[in-house]
Structure formats: structure tokens, C-alpha cells
Amino acid sequence: MSSTSYSFREKSRSFIYLFVLLILVWLAFTSSFHLQELVIGILISLVLSIVISKEYLKLDLPSFTIKRFIFLLIYILVLFKEILKANFDVAYRVIHPKMPIKPGIVIIQTHLKSDIAKMILANSITLTPGTFTLDILGDKLLIHWINVKAENIDETTKIIGERFEKYLKVIFA
């Protein structure tokens, strides 16, 4: 097992990002600005940041920029839209008298480099009803698809993966 050495600046940045993220999550969950709850939230966030900042650093997340944040917001909206579309598509298939499905397993190729970006792509595909990511093998994802429309890797990549990947490339570049 190799141990990576991080600079003081990297460790500090990781700690600060994690601390701010945890405070924001605390505020989102409590929806309260009472002094006692804020103090408890700050203390819990501080302790958690100290304990897990090294693990957070190992995720190798890109640094925060406004451009990445905007693309993240757009990505969330696109993901939500795709989930809604897929829900209606699957509901149609369920209530249709002949249940028009053509299930199968297809492969898509990704150009994402980081493991966390690939994981988010895989989870986004799985979140859209009708598709399920079975495995990630290097730059390829094995997908179970409820209605296979194409079997060629380039076509399946375009239909299934490109709608998410174009945003993830910017977020994790």
C-alpha cells in the first residue's frame, strides 16, 4: 500500500473545503440559525474535518471554481430532466398492453479520467430508470438497458453516456 505525501497547502485546502461543505450540509439539514445549533454544527464539522480530511484529499477532487460550480448546477438539472424522461418512458412500457421492451447489455465508452467522475457517470446512468450500470472496466461501462436501441459502442455511448459526460468533463477536468 503506497502512502502519498501531501503538502501543507493541499491538506489545509482539503480541510477548509470539507469544513465548509459539512457546515453547509448541517445548515441544510437543521434549517436553523439558533446559536446553540450553530455551535454544535461547527464543532461536529470541525471534528469530522480533522478526522476525515486525509480521506477527502485521497478522492482527488478538482479545486473549486465558479465555472465548475455552474456546470455542477447545470448537470443536476440535466440529471433531473433525464430521470423524469426515463420515468415516463418506463411507465409507458409498463402500462402498454404489449410491453414493448428489448432488454440487453451494452457497452459505452467514457473519456473521463478520474475514478470519481466515472463513478458519478455510472450512478447517473443507474438513477435513470431503464438503465443500470453493471460494471466499470477501465474506460468502458457495462450497462443493462431495458430497450436496446443500438448495439454499436459509439451509438450506445452517444445515446446513454454523452448527455452526462459533457458536463462531467468540465466538472472533473
# chains A, B, ... in the order shown; residues from 1 in each chain; ligands from 1

call {"tool": "residues_around", "arguments": {"residues": "A:Glu55", "least_positions_apart": "6", "cutoff": "12 Å", "atoms": "only C-alpha atoms", "output": "list in words"}}
result
Ser3, Thr4, Tyr6, Lys11, Ser14, Phe15, Leu18, Leu48, Ser49 and Leu61 of chain A

call {"tool": "closest_atom_pairs", "arguments": {"of": "stretch 20-98 of chain A", "to": "stretch 107-115 of chain A", "cutoff": "10 Å", "atoms": "only C-alpha atoms", "output": "CSV"}}
result
residue,atom,partner,partner_atom,distance
A:Leu59,CA,A:Asp115,CA,8.7
A:Asp60,CA,A:Ser114,CA,8.1
A:Leu61,CA,A:Ser114,CA,8.7
A:Pro62,CA,A:Ser114,CA,9.9

call {"tool": "select_by_dssp", "arguments": {"residues": "stretch 40-162 of chain A", "states": "helix (DSSP H, G or I)", "output": "NGL selection string"}}
result
:A and (40-58 or 66-95 or 115-127 or 153-162)

call {"tool": "closest_residue", "arguments": {"among": "A:Ile125, A:Ile105, A:Ile136, A:Ile66", "to": "A:Ala150", "atoms": "only C-alpha atoms"}}
result
A:Ile105

call {"tool": "closest_atom_pairs", "arguments": {"of": "stretch 81-105 of chain A", "to": "stretch 159-167 of chain A", "cutoff": "12 Å", "atoms": "only C-alpha atoms", "output": "tab-separated table"}}
result
residue	atom	partner	partner_atom	distance
A:Lys81	CA	A:Arg163	CA	10.7
A:Glu82	CA	A:Arg163	CA	8.6
A:Ile83	CA	A:Phe164	CA	11.7
A:Ala86	CA	A:Ile160	CA	11.3

call {"tool": "write_last_selection", "arguments": {"atoms": "N, CA and C atoms", "output": "mmCIF file, in the first residue's frame"}}
result
data_model
loop_
_atom_site.group_PDB
_atom_site.id
_atom_site.type_symbol
_atom_site.label_atom_id
_atom_site.label_comp_id
_atom_site.auth_asym_id
_atom_site.auth_seq_id
_atom_site.Cartn_x
_atom_site.Cartn_y
_atom_site.Cartn_z
ATOM 1 N N LYS A 81 -33.875 16.157 -15.298
ATOM 2 C CA LYS A 81 -34.683 16.070 -16.523
ATOM 3 C C LYS A 81 -34.628 14.660 -17.111
ATOM 4 N N GLU A 82 -33.428 14.070 -17.150
ATOM 5 C CA GLU A 82 -33.275 12.722 -17.706
ATOM 6 C C GLU A 82 -33.978 11.676 -16.840
ATOM 7 N N ILE A 83 -33.954 11.868 -15.526
ATOM 8 C CA ILE A 83 -34.658 10.948 -14.634
ATOM 9 C C ILE A 83 -36.164 11.021 -14.887
ATOM 10 N N ALA A 86 -36.976 9.364 -18.272
ATOM 11 C CA ALA A 86 -36.855 7.906 -18.176
ATOM 12 C C ALA A 86 -38.000 7.308 -17.366
#

call {"tool": "residues_around", "arguments": {"residues": "stretch 142-145 of chain A", "least_positions_apart": "5", "cutoff": "6 Å", "atoms": "only C-alpha atoms", "output": "JSON list (two decimals) with N, CA and C atoms, in the first residue's frame"}}
result
[["chain", "number", "residue", "atom", "x", "y", "z"],
["A", 103, "PRO", "N", -34.73, -5.86, -23.77],
["A", 103, "PRO", "CA", -33.64, -5.73, -22.81],
["A", 103, "PRO", "C", -32.33, -6.32, -23.33],
["A", 104, "GLY", "N", -31.25, -5.76, -22.85],
["A", 104, "GLY", "CA", -29.95, -6.27, -23.24],
["A", 104, "GLY", "C", -28.84, -5.54, -22.51],
["A", 105, "ILE", "N", -27.64, -6.05, -22.71],
["A", 105, "ILE", "CA", -26.46, -5.45, -22.09],
["A", 105, "ILE", "C", -25.61, -4.83, -23.18],
["A", 106, "VAL", "N", -25.27, -3.56, -22.99],
["A", 106, "VAL", "CA", -24.47, -2.83, -23.97],
["A", 106, "VAL", "C", -23.24, -2.24, -23.28],
["A", 107, "ILE", "N", -22.30, -1.81, -24.08],
["A", 107, "ILE", "CA", -21.08, -1.19, -23.56],
["A", 107, "ILE", "C", -21.04, 0.25, -24.06],
["A", 130, "GLY", "N", -34.64, 2.34, -16.32],
["A", 130, "GLY", "CA", -34.48, 1.68, -17.61],
["A", 130, "GLY", "C", -33.04, 1.36, -17.93],
["A", 131, "THR", "N", -32.11, 1.91, -17.16],
["A", 131, "THR", "CA", -30.70, 1.59, -17.35],
["A", 131, "THR", "C", -30.09, 1.27, -15.99],
["A", 132, "PHE", "N", -29.09, 0.41, -16.03],
["A", 132, "PHE", "CA", -28.41, 0.00, -14.80],
["A", 132, "PHE", "C", -26.96, -0.29, -15.12],
["A", 133, "THR", "N", -26.04, 0.38, -14.44],
["A", 133, "THR", "CA", -24.62, 0.15, -14.67],
["A", 133, "THR", "C", -24.20, -1.11, -13.93],
["A", 134, "LEU", "N", -23.68, -2.08, -14.65],
["A", 134, "LEU", "CA", -23.25, -3.33, -14.06],
["A", 134, "LEU", "C", -21.80, -3.30, -13.60],
["A", 135, "ASP", "N", -20.93, -2.64, -14.40],
["A", 135, "ASP", "CA", -19.51, -2.64, -14.07],
["A", 135, "ASP", "C", -18.80, -1.51, -14.81]]

call {"tool": "closest_residue", "arguments": {"among": "A:Tyr56, A:Tyr75, A:Phe64, A:Phe172", "to": "A:Lys118", "atoms": "only C-alpha atoms"}}
result
A:Phe172

call {"tool": "atom_distance", "arguments": {"atom1": "atom CA of A:Leu35", "atom2": "atom CA of A:Ser53"}}
result
25.7 Å

call {"tool": "closest_residue", "arguments": {"among": "A:Leu127, A:Leu22, A:Val148, A:Leu46", "to": "A:Asn87", "atoms": "only C-alpha atoms"}}
result
A:Leu127
